[in-house]
$ cat input.txt   # compact mmCIF, C-alpha atoms
# COMPACT_ATOMS: atom_id res chain seq x y z
CA MET E 1130 -24.54 -3.84 -9.93
CA ASP E 1131 -21.28 -3.66 -11.92
CA LYS E 1132 -21.39 -6.58 -14.30
CA THR E 1133 -20.72 -6.99 -18.00
CA ALA E 1134 -22.89 -9.31 -20.11
CA ILE E 1135 -21.60 -10.89 -23.30
CA ILE E 1136 -23.79 -11.49 -26.33
CA THR E 1137 -22.84 -13.10 -29.62
CA ASP E 1138 -24.77 -14.70 -32.47
CA SER E 1139 -25.30 -18.27 -33.62
CA ILE E 1140 -22.73 -17.83 -36.42
CA ALA E 1141 -20.05 -17.99 -33.69
CA CYS E 1142 -20.67 -21.76 -33.45
CA LEU E 1143 -20.25 -21.88 -29.68
CA PRO E 1144 -21.23 -25.26 -28.20
CA PRO E 1145 -24.23 -24.81 -25.85
CA GLU E 1146 -22.28 -26.03 -22.82
CA LEU E 1147 -19.62 -23.32 -23.28
CA ALA E 1148 -22.21 -20.60 -23.80
CA GLU E 1149 -23.95 -21.75 -20.62
CA GLU E 1150 -20.76 -22.01 -18.56
CA TYR E 1151 -19.72 -18.45 -19.39
CA HIS E 1152 -23.23 -16.97 -19.47
CA ILE E 1153 -23.03 -15.93 -23.13
CA HIS E 1154 -26.37 -14.97 -24.62
CA ILE E 1155 -26.78 -16.26 -28.19
CA VAL E 1156 -28.83 -14.22 -30.66
CA PRO E 1157 -30.00 -16.00 -33.85
CA GLY E 1158 -27.59 -15.18 -36.65
CA GLY E 1159 -30.54 -14.84 -38.97
CA ALA E 1160 -33.56 -16.65 -40.26
CA ILE E 1161 -33.82 -19.56 -42.67
CA VAL E 1162 -36.61 -19.32 -45.20
CA PHE E 1163 -37.62 -22.62 -46.76
CA GLU E 1164 -40.67 -23.15 -48.93
CA GLY E 1165 -42.39 -20.12 -47.42
CA LYS E 1166 -41.72 -20.98 -43.78
CA VAL E 1167 -39.36 -18.98 -41.56
CA TYR E 1168 -37.08 -20.61 -38.96
CA ARG E 1169 -34.81 -18.73 -36.53
CA ASP E 1170 -31.30 -20.11 -36.62
CA GLY E 1171 -30.50 -22.13 -33.53
CA LEU E 1172 -34.01 -21.85 -32.07
CA ASP E 1173 -36.71 -23.18 -34.39
CA ILE E 1174 -34.72 -25.77 -36.31
CA SER E 1175 -31.75 -28.05 -35.72
CA HIS E 1176 -28.62 -27.79 -37.82
CA ASN E 1177 -29.15 -31.24 -39.29
CA GLU E 1178 -32.73 -30.44 -40.29
CA ALA E 1179 -31.58 -27.26 -42.01
CA TYR E 1180 -28.71 -29.06 -43.78
CA HIS E 1181 -31.21 -31.59 -45.11
CA MET E 1182 -33.46 -28.81 -46.42
CA LEU E 1183 -30.55 -27.16 -48.17
CA GLU E 1184 -29.39 -30.35 -49.84
CA SER E 1185 -32.87 -31.48 -50.83
CA SER E 1186 -34.00 -28.21 -52.41
CA PRO E 1187 -31.35 -25.46 -52.49
CA GLU E 1188 -33.43 -23.29 -54.82
CA HIS E 1189 -36.09 -22.99 -52.08
CA PHE E 1190 -33.59 -22.22 -49.30
CA SER E 1191 -32.66 -18.63 -48.42
CA THR E 1192 -31.57 -16.61 -45.40
CA SER E 1193 -32.15 -13.18 -43.85
CA ALA E 1194 -30.40 -11.20 -41.12
CA THR E 1195 -31.64 -10.82 -37.56
CA SER E 1196 -33.67 -7.64 -37.04
CA PRO E 1197 -32.80 -4.74 -34.71
CA ALA E 1198 -35.86 -5.72 -32.65
CA GLU E 1199 -34.28 -9.10 -31.87
CA PHE E 1200 -31.08 -7.41 -30.73
CA LEU E 1201 -32.99 -4.88 -28.63
CA LYS E 1202 -34.79 -7.77 -26.95
CA ALA E 1203 -31.42 -9.37 -26.15
CA TYR E 1204 -30.08 -6.08 -24.77
CA LYS E 1205 -33.11 -5.71 -22.51
CA GLU E 1206 -32.76 -9.26 -21.19
CA ALA E 1207 -29.05 -8.78 -20.50
CA SER E 1208 -29.66 -5.43 -18.78
CA CYS E 1209 -31.67 -7.21 -16.10
CA HIS E 1210 -28.47 -8.61 -14.61
CA ALA E 1211 -25.71 -6.36 -15.98
CA ASP E 1212 -25.04 -2.66 -16.41
CA ALA E 1213 -22.79 -3.11 -19.45
CA ILE E 1214 -23.12 -5.28 -22.57
CA ILE E 1215 -20.66 -6.34 -25.26
CA TYR E 1216 -22.06 -7.86 -28.44
CA ILE E 1217 -19.36 -9.77 -30.35
CA ALA E 1218 -20.54 -9.50 -33.95
CA LEU E 1219 -19.88 -11.47 -37.09
CA SER E 1220 -17.60 -9.45 -39.38
CA SER E 1221 -19.39 -6.34 -40.65
CA LYS E 1222 -18.01 -7.12 -44.13
CA LEU E 1223 -19.78 -10.48 -44.23
CA SER E 1224 -23.22 -9.70 -42.84
CA ALA E 1225 -25.73 -7.01 -41.88
CA LEU E 1226 -25.74 -8.24 -38.27
CA TYR E 1227 -23.28 -5.58 -37.13
CA SER E 1228 -25.37 -2.73 -38.53
CA MET E 1229 -28.58 -4.26 -37.12
CA ALA E 1230 -26.98 -4.42 -33.67
CA LEU E 1231 -25.89 -0.77 -33.98
CA ALA E 1232 -29.44 0.25 -34.89
CA ALA E 1233 -30.74 -1.59 -31.83
CA ARG E 1234 -28.19 0.19 -29.66
CA GLU E 1235 -29.55 3.54 -30.85
CA SER E 1236 -33.02 2.47 -29.70
CA ALA E 1237 -31.57 1.27 -26.41
CA ILE E 1238 -30.20 4.74 -25.63
CA GLU E 1239 -33.73 5.84 -24.73
CA GLU E 1240 -35.09 2.53 -23.45
CA LEU E 1241 -32.01 1.47 -21.44
CA PRO E 1242 -30.33 4.76 -20.50
CA GLU E 1243 -28.39 3.22 -17.61
CA THR E 1244 -26.89 0.39 -19.70
CA ARG E 1245 -23.64 0.81 -21.62
CA ILE E 1246 -23.64 -1.20 -24.86
CA GLU E 1247 -20.62 -1.90 -27.06
CA VAL E 1248 -21.02 -3.48 -30.51
CA PHE E 1249 -17.68 -5.15 -31.26
CA ASP E 1250 -16.78 -6.13 -34.82
CA SER E 1251 -14.95 -9.47 -34.60
CA HIS E 1252 -13.54 -9.06 -38.15
CA THR E 1253 -14.05 -12.81 -38.49
CA ALA E 1254 -16.69 -15.55 -38.24
CA THR E 1255 -17.65 -18.96 -36.87
CA ALA E 1256 -15.43 -20.36 -34.11
CA ALA E 1257 -12.85 -17.58 -34.44
CA GLN E 1258 -15.66 -15.20 -33.52
CA GLY E 1259 -16.62 -17.68 -30.79
CA PHE E 1260 -13.13 -17.55 -29.29
CA ILE E 1261 -13.34 -13.75 -29.13
CA ALA E 1262 -16.68 -13.98 -27.32
CA LEU E 1263 -15.23 -16.54 -24.91
CA ALA E 1264 -12.27 -14.28 -24.13
CA ALA E 1265 -14.58 -11.40 -23.23
CA ALA E 1266 -16.87 -13.70 -21.24
CA ARG E 1267 -14.03 -15.19 -19.23
CA VAL E 1268 -12.90 -11.73 -18.20
CA ALA E 1269 -16.49 -10.74 -17.37
CA LYS E 1270 -16.91 -13.86 -15.25
CA GLU E 1271 -13.93 -12.69 -13.19
CA GLY E 1272 -15.83 -9.50 -12.44
CA LYS E 1273 -13.81 -7.26 -14.77
CA ASN E 1274 -15.40 -4.18 -16.30
CA LEU E 1275 -16.50 -3.26 -19.83
CA ALA E 1276 -13.13 -1.83 -20.89
CA GLU E 1277 -11.29 -4.94 -19.72
CA GLY E 1278 -13.74 -7.16 -21.58
CA ILE E 1279 -13.18 -5.20 -24.80
CA ALA E 1280 -9.42 -5.35 -24.31
CA ALA E 1281 -9.58 -9.15 -23.95
CA ALA E 1282 -11.67 -9.38 -27.13
CA GLU E 1283 -9.17 -7.21 -29.00
CA ARG E 1284 -6.22 -9.35 -27.89
CA VAL E 1285 -7.80 -12.52 -29.27
CA ARG E 1286 -9.09 -10.79 -32.41
CA ASP E 1287 -5.52 -9.76 -33.23
CA LYS E 1288 -4.21 -13.33 -33.23
CA VAL E 1289 -7.06 -15.77 -33.97
CA ASP E 1290 -7.02 -17.62 -37.30
CA LEU E 1291 -9.74 -19.41 -39.25
CA PHE E 1292 -9.29 -21.81 -42.16
CA TYR E 1293 -11.78 -24.16 -43.77
CA ILE E 1294 -12.12 -26.33 -46.83
CA PHE E 1295 -15.20 -26.72 -49.02
CA GLU E 1296 -16.36 -30.11 -50.19
CA THR E 1297 -17.84 -28.40 -53.26
CA ILE E 1298 -17.83 -24.84 -54.59
CA ARG E 1299 -21.14 -25.06 -56.42
CA TYR E 1300 -22.76 -22.92 -53.71
CA ALA E 1301 -20.00 -20.33 -53.57
CA TYR E 1302 -21.40 -18.01 -56.24
CA ARG E 1303 -24.09 -17.02 -53.71
CA THR E 1304 -21.47 -15.00 -51.82
CA GLY E 1305 -20.98 -12.76 -54.84
CA ARG E 1306 -17.29 -13.64 -55.01
CA LEU E 1307 -17.56 -16.19 -57.78
CA PRO E 1308 -19.65 -16.16 -60.97
CA GLU E 1309 -22.03 -19.11 -61.16
CA SER E 1310 -20.21 -20.39 -64.25
CA VAL E 1311 -16.89 -20.51 -62.39
CA ALA E 1312 -18.46 -22.24 -59.38
CA ASN E 1313 -20.02 -24.87 -61.65
CA LEU E 1314 -16.73 -25.43 -63.46
CA GLY E 1315 -14.88 -25.80 -60.18
CA SER E 1316 -17.45 -28.32 -59.02
CA LYS E 1317 -16.99 -30.40 -62.18
CA LEU E 1318 -13.22 -30.38 -61.69
CA ASN E 1319 -13.85 -31.57 -58.11
CA VAL E 1320 -11.34 -29.19 -56.52
CA LYS E 1321 -11.61 -28.29 -52.85
CA PRO E 1322 -11.02 -24.57 -52.24
CA MET E 1323 -9.50 -23.51 -48.94
CA ILE E 1324 -10.85 -20.31 -47.41
CA THR E 1325 -9.57 -17.96 -44.73
CA ILE E 1326 -10.80 -14.64 -43.34
CA ARG E 1327 -8.48 -11.64 -43.24
CA SER E 1328 -9.46 -8.14 -42.11
CA GLY E 1329 -13.08 -9.20 -42.04
CA SER E 1330 -13.32 -10.58 -45.58
CA ALA E 1331 -13.14 -14.13 -46.94
CA PHE E 1332 -10.38 -15.13 -49.34
CA VAL E 1333 -9.35 -18.29 -51.16
CA CYS E 1334 -5.97 -19.30 -49.73
CA GLY E 1335 -5.41 -22.55 -51.63
CA ILE E 1336 -6.93 -25.44 -53.55
CA ALA E 1337 -6.69 -29.14 -52.73
CA ARG E 1338 -7.39 -32.07 -55.04
CA ASN E 1339 -9.20 -33.94 -52.29
CA ARG E 1340 -10.43 -33.45 -48.75
CA GLU E 1341 -7.63 -35.49 -47.15
CA ARG E 1342 -4.92 -33.29 -48.66
CA GLY E 1343 -6.92 -30.23 -47.75
CA ILE E 1344 -7.08 -31.28 -44.09
CA ASP E 1345 -3.34 -31.98 -44.09
CA HIS E 1346 -2.78 -28.45 -45.37
CA LEU E 1347 -5.06 -26.98 -42.70
CA LEU E 1348 -2.93 -28.62 -40.04
CA ASP E 1349 0.29 -27.47 -41.72
CA LEU E 1350 -0.98 -23.90 -41.56
CA ALA E 1351 -1.77 -24.30 -37.87
CA ARG E 1352 1.70 -25.69 -37.16
CA GLN E 1353 3.31 -22.76 -38.97
CA LYS E 1354 1.25 -20.32 -36.90
CA VAL E 1355 1.60 -21.82 -33.41
CA GLY E 1356 4.49 -24.28 -33.48
CA LYS E 1357 4.70 -26.00 -30.09
CA GLN E 1358 2.98 -23.19 -28.19
CA PRO E 1359 -0.10 -23.98 -26.13
CA VAL E 1360 -3.09 -23.33 -28.36
CA HIS E 1361 -6.85 -22.82 -28.19
CA MET E 1362 -8.43 -24.73 -31.05
CA ALA E 1363 -11.84 -25.64 -32.43
CA VAL E 1364 -12.94 -28.01 -35.19
CA LEU E 1365 -15.97 -27.12 -37.30
CA HIS E 1366 -18.03 -29.05 -39.79
CA THR E 1367 -21.15 -28.95 -41.91
CA ASP E 1368 -22.82 -32.36 -41.83
CA ALA E 1369 -19.47 -34.19 -41.63
CA LEU E 1370 -19.36 -35.33 -38.01
CA ASN E 1371 -17.22 -38.46 -38.43
CA ILE E 1372 -14.51 -36.60 -40.33
CA ALA E 1373 -14.59 -33.73 -37.81
CA GLU E 1374 -14.26 -36.12 -34.88
CA GLY E 1375 -11.30 -37.80 -36.55
CA LEU E 1376 -9.67 -34.41 -37.08
CA LYS E 1377 -10.27 -33.47 -33.46
CA GLN E 1378 -8.54 -36.65 -32.29
CA ARG E 1379 -5.61 -35.94 -34.59
CA ILE E 1380 -5.29 -32.38 -33.28
CA SER E 1381 -5.43 -33.59 -29.68
CA ALA E 1382 -2.51 -35.92 -30.38
CA GLU E 1383 -0.41 -33.46 -32.39
CA PHE E 1384 -0.94 -30.09 -30.68
CA ASN E 1385 -0.53 -28.74 -27.15
CA CYS E 1386 -4.18 -27.76 -26.71
CA VAL E 1387 -5.28 -25.54 -23.83
CA GLU E 1388 -8.83 -26.15 -25.05
CA LEU E 1389 -10.27 -28.07 -27.95
CA TRP E 1390 -13.91 -28.24 -28.93
CA LEU E 1391 -16.02 -29.34 -31.86
CA SER E 1392 -19.04 -27.60 -33.31
CA GLN E 1393 -21.20 -27.30 -36.42
CA PHE E 1394 -21.28 -24.46 -38.90
CA SER E 1395 -24.52 -22.51 -38.72
CA PRO E 1396 -26.89 -23.32 -41.61
CA ILE E 1397 -26.82 -19.57 -42.31
CA MET E 1398 -23.19 -20.05 -43.36
CA ALA E 1399 -23.92 -23.37 -45.05
CA TYR E 1400 -26.17 -21.52 -47.48
CA ALA E 1401 -22.98 -20.20 -49.11
CA THR E 1402 -20.76 -23.23 -48.51
CA GLY E 1403 -22.89 -26.36 -48.89
CA SER E 1404 -22.41 -29.48 -46.79
CA GLY E 1405 -19.19 -31.34 -46.08
CA VAL E 1406 -17.21 -28.28 -44.94
CA ILE E 1407 -14.37 -28.86 -42.47
CA GLY E 1408 -12.64 -26.03 -40.67
CA ILE E 1409 -10.36 -25.09 -37.81
CA ALA E 1410 -10.06 -21.93 -35.71
CA PHE E 1411 -7.16 -21.37 -33.33
CA TYR E 1412 -4.95 -18.91 -31.50
CA PRO E 1413 -1.82 -19.32 -29.35
CA ASP E 1414 -2.19 -19.03 -25.60
CA ASP E 1415 -0.48 -16.09 -23.86
$ encode --input "input.txt" --output "structure tokens"
Amino acid sequence: MDKTAIITDSIACLPPELAEEYHIHIVPGGAIVFEGKVYRDGLDISHNEAYHMLESSPEHFSTSATSPAEFLKAYKEASCHADAIIYIALSSKLSALYSMALAARESAIEELPETRIEVFDSHTATAAQGFIALAAARVAKEGKNLAEGIAAAERVRDKVDLFYIFETIRYAYRTGRLPESVANLGSKLNVKPMITIRSGSAFVCGIARNRERGIDHLLDLARQKVGKQPVHMAVLHTDALNIAEGLKQRISAEFNCVELWLSQFSPIMAYATGSGVIGIAFYPDD
């Protein structure tokens, strides 16, 4: 057996059909705790159910990271059909998932001595992370080895971009990047902050007066980055399906897409963003 298995987490926003096609194992990106009950992201609760909980009672909604035991379980399952594993992790600067996966790998040294495990920091999140996982999985599906899978992940990590626009910033103080007073003021002014991720951390890259202008700016940024090159692109949303579908149609008409898919933000991310978020992830094709 000389196969490489790819694992990522639910924060990567991969549509189930893509994960299935490329045999990508999805680990819950964490747990949602609501009114004393615990739900594993992507397994015990749908995105829409979790969004509703968050909107109905945000003070009773919290999240926690996936445990090393959950990662070890995923490693053991993957080792049944592969002798090498790559876990494509959410940025280590945004979550404890990376360190939890490393802790599980230490346990796996004794329990799975014949299995090589690489924990790969994507330096990003959501569909940008998903594109990195897809790149590694496509190489693995061709029968390439662990080193070639990591090289493919690195190539996409170096060029993938992620931009999204908040509908409100009243949840943003939960990230620790904004004081609650500033988030509340921004919400009253009804501005729409635009966020990107650089070197693993999230940054505000602009402010729009309304969602429509914000979406226009997202597309301008994509045009500046890729021009007329063939591009891999994804559209993301938090409880804003109609708007996301409209954006997907617009992208299909305006860009030379090698692939284009639509997905929902994980409720784990929505805890810090609220509903109504629209985003795009993309990278130019080689």
$ atom_distance --input "input.txt" --atom1 "CA of Thr1402 in chain E" --atom2 "CA of Tyr1216 in chain E"
25.3 Å
$ closest_residue --input "input.txt" --among "E:Leu1389, E:Leu1376, E:Ile1409, E:Ile1261" --to "Ile1324 in chain E" --atoms "only C-alpha atoms"
E:Ile1409
$ atom_distance --input "input.txt" --atom1 "CA of His1152 in chain E" --atom2 "CA of Ile1135 in chain E"
7.4 Å
$ atom_distance --input "input.txt" --atom1 "CA of Glu1240 in chain E" --atom2 "CA of Asp1173 in chain E"
28.0 Å
$ closest_atom_pairs --input "input.txt" --of "range 1226-1307 of chain E" --to "range 1349-1363 of chain E" --cutoff "12 Å" --atoms "only C-alpha atoms" --output "tab-separated table"
residue	atom	partner	partner_atom	distance
E:Thr1255	CA	E:Ala1363	CA	9.9
E:Ala1256	CA	E:Ala1363	CA	6.6
E:Ala1257	CA	E:Ala1363	CA	8.4
E:Gln1258	CA	E:Ala1363	CA	11.2
E:Gly1259	CA	E:Ala1363	CA	9.4
E:Phe1260	CA	E:His1361	CA	8.3
E:Ile1261	CA	E:His1361	CA	11.2
E:Leu1263	CA	E:His1361	CA	11.0
E:Ala1264	CA	E:His1361	CA	10.9
E:Val1285	CA	E:His1361	CA	10.4
E:Lys1288	CA	E:Lys1354	CA	9.6
E:Val1289	CA	E:His1361	CA	9.1
E:Asp1290	CA	E:Ala1351	CA	8.5
E:Leu1291	CA	E:Ala1351	CA	9.5
E:Phe1292	CA	E:Leu1350	CA	8.6
E:Tyr1293	CA	E:Leu1350	CA	11.0
$ closest_residue --input "input.txt" --among "E:Met1323, E:Lys1132, E:Ser1236, E:Tyr1412" --to "Arg1286 in chain E" --atoms "only C-alpha atoms"
E:Tyr1412
